[in-house]
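Encoded as structure tokens, the structure appears first; notes follow it.
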Amino acid sequence: MKFAVIVFPGSNCDADMLWAIRDIVGVEAEYVRYDETSLQGYDGVLLPGGFSYGDYLRCGAIARFSAIMKEVVRFAEEGKPVFGTCNGFQILTEAGLLPGVLRKNDSLRFICKTVPLKVNNQTAFTSEYETDEIIQLPVAHGEGNYFCDDQTLQELKANNQIVFTYAENINGSVANIAGITNKAGNVLGMMPHPERAMEALLGSEDGKRFFASMLKNFGKVTV
């Protein structure tokens, strides 16, 4: 597989994402600029964290209109893997590829720490984890408070779209939600950063199995 790491003006986790997938996992990956119009030759898309366009208007609201997003939407519609973390999650909701929105943390403070998460391993992105396993991943966000209406929440539950939940709600998210997929299961957005948990030296290796799951279920790569 070959992955595109999309770089928007203001992205600051693009190097982390490229390092994780290319240097640690060992899969071919390249940066693709926000103003490109083609993803020809790529098999998956990774949207990194950061502050695209300075988070003006709403987080992800301007990035959603970048030229490359038409191709990201096409990828999603074709069933190819699309993963967004932090600002990437916000962009995916703004683009309509995932339901709901991300609002300011209920504390109105930026949160930067490692947190415990409960994993739903019945998805293509998490199959390498144990059932209801608690993992440790870092978060770094000011607007990670996931919100959706009651009907959407019931649909998320019914369709097994809730992938990660906070063991302790850190930001006010509905139902402790930290990450969700689309109904088809090929688009995932989450506020925590698995790409920052790839080595014990960094405090956790729990991100490795996230990428291993994705490669196992969407490609032919064994990690």
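Just so we're on the same page: first chain in the structure tokens is A, next is B, and so on; residues restart at 1 for each chain, and ligands are numbered from 1 in the order they show up.
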
* To do: Taking the DSSP assignment computed from this structure's backbone, write out as a list in words all residues of segment 85-120 of chain A that belong to helix (DSSP H, G or I).
  =>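 Secondary structure check on segment 85-120 of chain A, helix (DSSP H, G or I): Asn87, Gly88, Phe89, Gln90, Ile91, Leu92, Thr93 and Glu94 of chain A.
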
Generate the output file for the selected residues, N, CA, C and O atoms, as a CSV table (one decimal), in the first residue's frame.
chain,number,residue,atom,x,y,z
A,87,ASN,N,-7.2,17.5,14.2
A,87,ASN,CA,-7.7,18.4,13.2
A,87,ASN,C,-8.2,17.6,12.0
A,87,ASN,O,-9.1,18.1,11.3
A,88,GLY,N,-7.6,16.5,11.7
A,88,GLY,CA,-8.1,15.6,10.6
A,88,GLY,C,-9.5,15.2,10.9
A,88,GLY,O,-10.3,15.1,9.9
A,89,PHE,N,-9.8,14.8,12.1
A,89,PHE,CA,-11.2,14.4,12.5
A,89,PHE,C,-12.1,15.6,12.3
A,89,PHE,O,-13.2,15.5,11.7
A,90,GLN,N,-11.7,16.8,12.7
A,90,GLN,CA,-12.5,18.0,12.5
A,90,GLN,C,-12.8,18.3,11.0
A,90,GLN,O,-13.9,18.6,10.6
A,91,ILE,N,-11.8,18.1,10.2
A,91,ILE,CA,-11.9,18.3,8.8
A,91,ILE,C,-12.9,17.2,8.2
A,91,ILE,O,-13.8,17.6,7.3
A,92,LEU,N,-12.9,16.0,8.6
A,92,LEU,CA,-13.7,15.0,8.1
A,92,LEU,C,-15.2,15.3,8.5
A,92,LEU,O,-16.1,15.0,7.7
A,93,THR,N,-15.4,15.8,9.7
A,93,THR,CA,-16.8,16.2,10.0
A,93,THR,C,-17.3,17.4,9.2
A,93,THR,O,-18.4,17.4,8.7
A,94,GLU,N,-16.4,18.4,9.0
A,94,GLU,CA,-16.8,19.5,8.2
A,94,GLU,C,-17.1,19.1,6.8
A,94,GLU,O,-17.9,19.7,6.1

What are the closest atom pairs, with distances in Å to one decimal, for all residues of segment 46-97 of chain A lying within 10 Å of segment 164-179 of chain A? Consider only C-alpha atoms, order rows by chain and residue number, and present the result as a Markdown table.
| residue | atom | partner | partner_atom | distance |
| --- | --- | --- | --- | --- |
| A:Gly84 | CA | A:Gly179 | CA | 9.7 |
| A:Thr85 | CA | A:Gly179 | CA | 8.8 |
| A:Cys86 | CA | A:Gly179 | CA | 9.6 |
| A:Phe89 | CA | A:Gly179 | CA | 8.3 |

Selection above as a file: C-alpha atoms, as a PDB file, in the first residue's frame:
ATOM      1  CA  GLY A  84      -8.023  11.700  10.344  1.00  0.00           C
ATOM      2  CA  THR A  85      -6.651  12.488  13.782  1.00  0.00           C
ATOM      3  CA  CYS A  86      -7.379  15.634  15.801  1.00  0.00           C
ATOM      4  CA  PHE A  89     -11.150  14.442  12.515  1.00  0.00           C
TER       5      PHE A  89
END

* **Residues within 8 Å of Asn182 of chain A, only C-alpha atoms, excluding chain neighbours under 5 positions, as number ranges by chain** => A: 97-99, 161, 187-188

For the selection just defined, write its residues with C-alpha atoms to a file, as a PDB file, in the first residue's frame.
ATOM      1  CA  LEU A  97     -17.603  12.324   5.703  1.00  0.00           C
ATOM      2  CA  LEU A  98     -18.379  11.749   9.377  1.00  0.00           C
ATOM      3  CA  PRO A  99     -21.455  12.833  11.359  1.00  0.00           C
ATOM      4  CA  GLN A 161     -19.535   3.280  14.531  1.00  0.00           C
ATOM      5  CA  VAL A 187     -13.422   6.430   7.249  1.00  0.00           C
ATOM      6  CA  LEU A 188     -12.283   6.986  10.819  1.00  0.00           C
TER       7      LEU A 188
END

* **Nearby residues (only C-alpha atoms) at most 6 Å from segment 63-66 of chain A, same-chain spacing under 3 positions excluded, as a PyMOL selection string** => chain A and resi 34+60+69+91+95

* To do: Could you tell me how far atom CA of Asp149 of chain A lies from atom CA of Gly185 of chain A, in Å and to one decimal?
  =>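 Value for the atom CA of Asp149 of chain A-atom CA of Gly185 of chain A distance: 20.3 Å.
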
* Gap from atom CA of Arg209 of chain A to atom CA of Tyr146 of chain A - Å, one decimal -> 24.0 Å

* as JSON, numbers by chain, which residues of segment 37-89 of chain A does DSSP assign to strand (DSSP E)? -> {"A": [44, 45, 46, 47, 82, 83, 84, 85]}

* Record the distance separating atom CA of Phe51 of chain A and atom CA of Asn120 of chain A, expressed in Å with one decimal. => 28.1 Å

* To do: Considering only C-alpha atoms, return as a PyMOL selection string whatever protein or nucleic-acid residues lie within 6 Å of Lys104 of chain A, sequence-local ones (same chain, fewer than 2 positions apart) excluded.
  => chain A and resi 142-143+145

* Structure fact -> Using only C-alpha atoms, the shortest atom-to-atom distance to Ala61 of chain A among A:Val82, A:Val139, A:Val25, A:Val101 belongs to A:Val101

* What lies within 7 Å of Gly10 of chain A using only C-alpha atoms, ignoring chain neighbours under 3 positions off, as JSON, numbers by chain? -> {"A": [50, 51, 52, 53, 54]}

* Structure fact -> The residue from A:Thr181, A:Gln40, A:Ile111, A:Pro48 with the smallest atom-to-atom distance to Pro194 of chain A, counting only C-alpha atoms, is A:Pro48

* Asked: What lies within 6 Å of segment 2-8 of chain A using only C-alpha atoms, ignoring chain neighbours under 6 positions off, as an MDAnalysis selection string?
  -> chainID A and resid 28:34 42:47 52
